[in-house]
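Undergrad: Please read through the structure below; I'll follow up with questions.
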Amino acid sequence: MHVPDGFIDAPTSAVTGVVAAGALAVSLRGARKELDERTAPLAGLVAAFIFAVQMLNFPVAAGTSGHLLGGALAAILVGPYTAVLCVSVVLLMQGVLFADGGLTALGVNITDMAIVTTLVSYAVFRALLAVLPRKRRSVTVASFVAALVSVPAAAVAFTLIYAIGGTTDVSIGKVATAMIGVHVLIGIGEAVITALTVGAVVAVRPDLVHGARGLRQRLQLRVNGALVDAPAPTAPVAARTSRRTLWVTGLVTSLVLAGFVSFYASASPDGLEKVAHDKGIDKEAKEHAAADSPLADYGVKDVSDARLSGGLAGVIGVGVTVVAGSAVFWALRRRRDADASPVNTGV
Amino acid sequence: MGAGHAHRLYRHGHSPVHALPPHTKLAATFLFVVVVVSTPREAMWAFAGYGVLLAAVAYHARVPAGFLLRRLLIEVPFVAFAVLMPFVAEGERVHVLGLSLSVNGLWGAWNVLAKGTLGVAASVLLAATTELRELLLGLQRLKLPPLLVQIASFMIRYGDVITDEMRRMRIARESRGFQAKGVRHWGVLAKSAGALFIRSYERGERVHLAMVSRGYAGAMPVIDEVTASGAQWRHALALPCAALVVCLLGWVL
């Protein structure tokens, strides 16, 4: 999936370059917390590992073979920030040294293969771990699903970038079908190998698997025939990542997406709206109660330029969502903090 | 580690291009590719002009044409894609030799082929004339975050070690009669990857301890500060500037 020069037009490459640079800056800060002061040597070796793993071809079907992308594997083994760094460094070196993937397409490649795969797989992985029982097997299952989702997600991201800035006019539908179809297949292989690899590491050195840190057993001592929890070690077990940076990046990204990208988005009705219109389903539908609101139909009233109006509405929408979301989150956290006893907070 | 410290793509030499400071070469390559990508695809002669410029650089760097052309083979998967494009793209169609081809698809294929090939050729020239360590120093001089440069340098230094580790495991597998034939063998490959991760991570821990015991405090000392004189910058930037002239002509004509 290495995109060469000239495949995506210059403005889109520049925008993805900015996105990639921002994500790298955030990851650089985050990685220090994931790996403390050992960052550089360890991350370097993990990058070399990803580089080597990408050479591990696995047979898919009918004589073809795919290779691992490694984003999900890296995110689960060493944490998302380090994973973004490692995969990005691999891509950078492949671009500069091996001419694999264009230099101007570096932003596209990093956004697509380093950021999207890592973030999607880690989000899926964390969500699944929160739901599944706290067992080793759950880690394997969660990494299977995370890797399975991450590869088609990268294909979808590529299709989106292509839709915005592709230089050829192969229809989006065809690109999407081809990309996603092939990558679902590759995703299955990636999922199996990722899950088995994580399983193998968990079996030998569970402390090395970043995603399985929550599973670590508390040390228990047998005192007079009864099991007692050993006193907690003084060092914190897992470094917490900074909430604020995550927060700011998320906000900026959504603003950029909503305000800027919607600029380019098509003004034609989306698939569902179109189907509804064609089939006459919407005749029965009443006008939405909020149709008179100043933001109805994703446009700001009294702003005549359709694109500008759409962008503005997107930005305002993100703002409102963030305020509402943080209010809920803040209220929940205050309640939780109030419930927590002072003893628990010391751990 | 017994192998030389030069990478496989490097071609040793003492040409004026080899002697340029690495960051000027990196900047020149990057600017050149940006100019190439922003050229309108209809200006076919402009791409020929870029090709001539690159050939001139290769001549000055004393990189033989055969070497350059062999390295260009990395592009082959995308050539296959580009060849497919005229058949699947939309728009008005022309008939050539009984085949129905899309005009837009032909332009698109030409666009990807021309720009992609020029980009690959520029990168190959850069890699052929710049030593690996110089390249990393150059990236650092161009204000890439030091942590990123360090990660990259460790990756390059230990890449061979880990690849060797993987090769040994492959030989061990194959000498026991293993052949990856289908889905049933994914498990074996995955266990290899797991073992490889543990080995490389543990090696990383040992390397880090060794470094700390020799006074590493989070940053590598820079022993040889590379600086570029104005003349060197001018020499390096001659390539993108010439390309820019061609590009502007392409837009105007």
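A note on labels: chains of the structure tokens are A, B, ... as shown, every chain counts residues from 1, and ligands are counted from 1 in their shown order.
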Find the residues in chain B near chain A: any atom within 7 Å counts, using only C-alpha atoms. Write them as a PyMOL selection string.
TA: chain B and resi 30+33-34+37-38+88-90+104-105+108+111-112+115-116+119-120+123-124+127+147+150-152+154-155+158-159+162-163+181-182+186-187+190-191+193-194+197-198+200-201+204-205+208+218
Undergrad: Can you write out the residues you just picked, keeping C-alpha atoms, as an mmCIF file, in the first residue's frame?
TA:
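The new file part-v1.cif reads:
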```
data_model
loop_
_atom_site.group_PDB
_atom_site.id
_atom_site.type_symbol
_atom_site.label_atom_id
_atom_site.label_comp_id
_atom_site.auth_asym_id
_atom_site.auth_seq_id
_atom_site.Cartn_x
_atom_site.Cartn_y
_atom_site.Cartn_z
ATOM 1 C CA PHE B 30 12.688 16.758 -1.551
ATOM 2 C CA VAL B 33 10.127 15.819 -6.042
ATOM 3 C CA VAL B 34 7.675 18.491 -4.888
ATOM 4 C CA VAL B 37 4.560 16.401 -8.486
ATOM 5 C CA SER B 38 3.096 19.876 -9.010
ATOM 6 C CA VAL B 88 -10.986 0.756 -15.607
ATOM 7 C CA ALA B 89 -11.112 4.564 -15.648
ATOM 8 C CA GLU B 90 -14.185 6.455 -16.797
ATOM 9 C CA ASN B 104 -8.564 10.019 -18.695
ATOM 10 C CA GLY B 105 -7.187 6.663 -17.635
ATOM 11 C CA GLY B 108 -3.723 9.103 -15.193
ATOM 12 C CA ASN B 111 0.853 10.860 -14.604
ATOM 13 C CA VAL B 112 1.551 8.124 -12.046
ATOM 14 C CA LYS B 115 6.007 11.279 -11.534
ATOM 15 C CA GLY B 116 6.517 7.994 -9.705
ATOM 16 C CA GLY B 119 10.520 10.349 -7.635
ATOM 17 C CA VAL B 120 12.046 6.879 -7.326
ATOM 18 C CA SER B 123 15.516 8.852 -4.099
ATOM 19 C CA VAL B 124 17.784 6.210 -5.594
ATOM 20 C CA ALA B 127 20.700 6.876 -1.435
ATOM 21 C CA LEU B 147 14.374 11.277 19.179
ATOM 22 C CA GLN B 150 17.821 8.207 17.137
ATOM 23 C CA ILE B 151 15.025 5.711 16.606
ATOM 24 C CA ALA B 152 15.870 5.650 12.912
ATOM 25 C CA PHE B 154 18.935 2.300 15.972
ATOM 26 C CA MET B 155 16.563 0.760 13.511
ATOM 27 C CA TYR B 158 20.059 -3.257 14.386
ATOM 28 C CA GLY B 159 18.081 -3.990 11.254
ATOM 29 C CA ILE B 162 17.406 -8.744 13.547
ATOM 30 C CA THR B 163 17.219 -9.760 9.915
ATOM 31 C CA LYS B 181 2.289 -23.779 2.107
ATOM 32 C CA GLY B 182 -0.994 -22.550 3.454
ATOM 33 C CA TRP B 186 0.507 -19.372 9.860
ATOM 34 C CA GLY B 187 0.910 -20.499 13.450
ATOM 35 C CA ALA B 190 3.500 -16.253 14.136
ATOM 36 C CA LYS B 191 5.520 -18.093 16.774
ATOM 37 C CA ALA B 193 7.509 -13.453 14.975
ATOM 38 C CA GLY B 194 6.781 -13.719 18.703
ATOM 39 C CA PHE B 197 10.000 -9.762 19.205
ATOM 40 C CA ILE B 198 11.141 -11.122 22.557
ATOM 41 C CA SER B 200 14.847 -7.994 19.848
ATOM 42 C CA TYR B 201 13.198 -6.384 22.862
ATOM 43 C CA GLY B 204 17.164 -3.548 23.206
ATOM 44 C CA GLU B 205 17.159 -3.644 26.999
ATOM 45 C CA HIS B 208 20.217 0.412 26.630
ATOM 46 C CA GLY B 218 19.006 10.588 26.471
#
```
Undergrad: From a DSSP calculation on the backbone, collect every residue of segment 69-240 of chain A in strand (DSSP E or B) and output the set as an MDAnalysis selection string.
TA: chainID A and resid 166 220:223 226:229
Undergrad: For the selection you just gave me, I'd like the residues written to a file as a PDB file, in the first residue's frame, keeping C-alpha atoms.
TA:
```
ATOM      1  CA  GLY A 166      -6.644  11.412  -6.311  1.00  0.00           C
ATOM      2  CA  GLN A 220       0.065 -12.258  47.151  1.00  0.00           C
ATOM      3  CA  LEU A 221       1.732 -13.521  50.293  1.00  0.00           C
ATOM      4  CA  ARG A 222       0.572 -16.386  52.456  1.00  0.00           C
ATOM      5  CA  VAL A 223       0.577 -15.082  55.999  1.00  0.00           C
ATOM      6  CA  ALA A 226      -4.360 -16.751  54.604  1.00  0.00           C
ATOM      7  CA  LEU A 227      -3.595 -15.009  51.295  1.00  0.00           C
ATOM      8  CA  VAL A 228      -2.811 -11.347  51.765  1.00  0.00           C
ATOM      9  CA  ASP A 229      -2.113  -8.734  49.101  1.00  0.00           C
TER      10      ASP A 229
END
```
Undergrad: List the neighbours of Thr159 of chain A out to 10 Å using only C-alpha atoms; skip same-chain residues closer than 6 positions along the sequence, and give me the result as a PyMOL selection string.
TA: chain A and resi 112+153+165-166+172-180
Undergrad: Which is closer to Pro21 of chain B than all the others in B:Ala236, B:Cys247, B:Val52, B:Ala65, using only C-alpha atoms?
TA: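 Closest candidate: B:Ala236.
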Undergrad: Show which residues sit within 12 Å of Glu225 of chain B, as a ChimeraX atom specification. Count only C-alpha atoms, and ignore same-chain residues fewer than 4 positions away.
TA: /B:21-23,134,137-138,140-141,221
Undergrad: Would you mind reading off the distance between atom CA of Ala58 of chain B and atom CA of Ala27 of chain B, one decimal, in Å?
TA: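 Those two atoms sit 17.1 Å apart.
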Undergrad: Please list as number ranges by chain every residue within 8 Å of segment 48-50 of chain B, counting only C-alpha atoms and excluding residues in the same chain fewer than 6 positions away.
TA: B: 36, 118, 243, 246
Undergrad: Could you take the residues named above and write them with N, CA and C atoms, as a compact mmCIF listing (two decimals), in the first residue's frame?
TA:
```txt
# COMPACT_ATOMS: atom_id res chain seq x y z
N VAL B 36 8.28 18.27 -9.19
CA VAL B 36 7.82 17.30 -10.20
C VAL B 36 6.35 16.99 -10.00
N LEU B 118 10.20 9.39 -11.71
CA LEU B 118 11.14 10.46 -11.40
C LEU B 118 11.41 10.51 -9.90
N ALA B 243 14.61 22.59 -12.07
CA ALA B 243 13.34 21.90 -12.21
C ALA B 243 12.19 22.89 -12.12
N VAL B 246 11.62 24.60 -15.35
CA VAL B 246 10.91 23.71 -16.26
C VAL B 246 9.43 23.66 -15.90
```
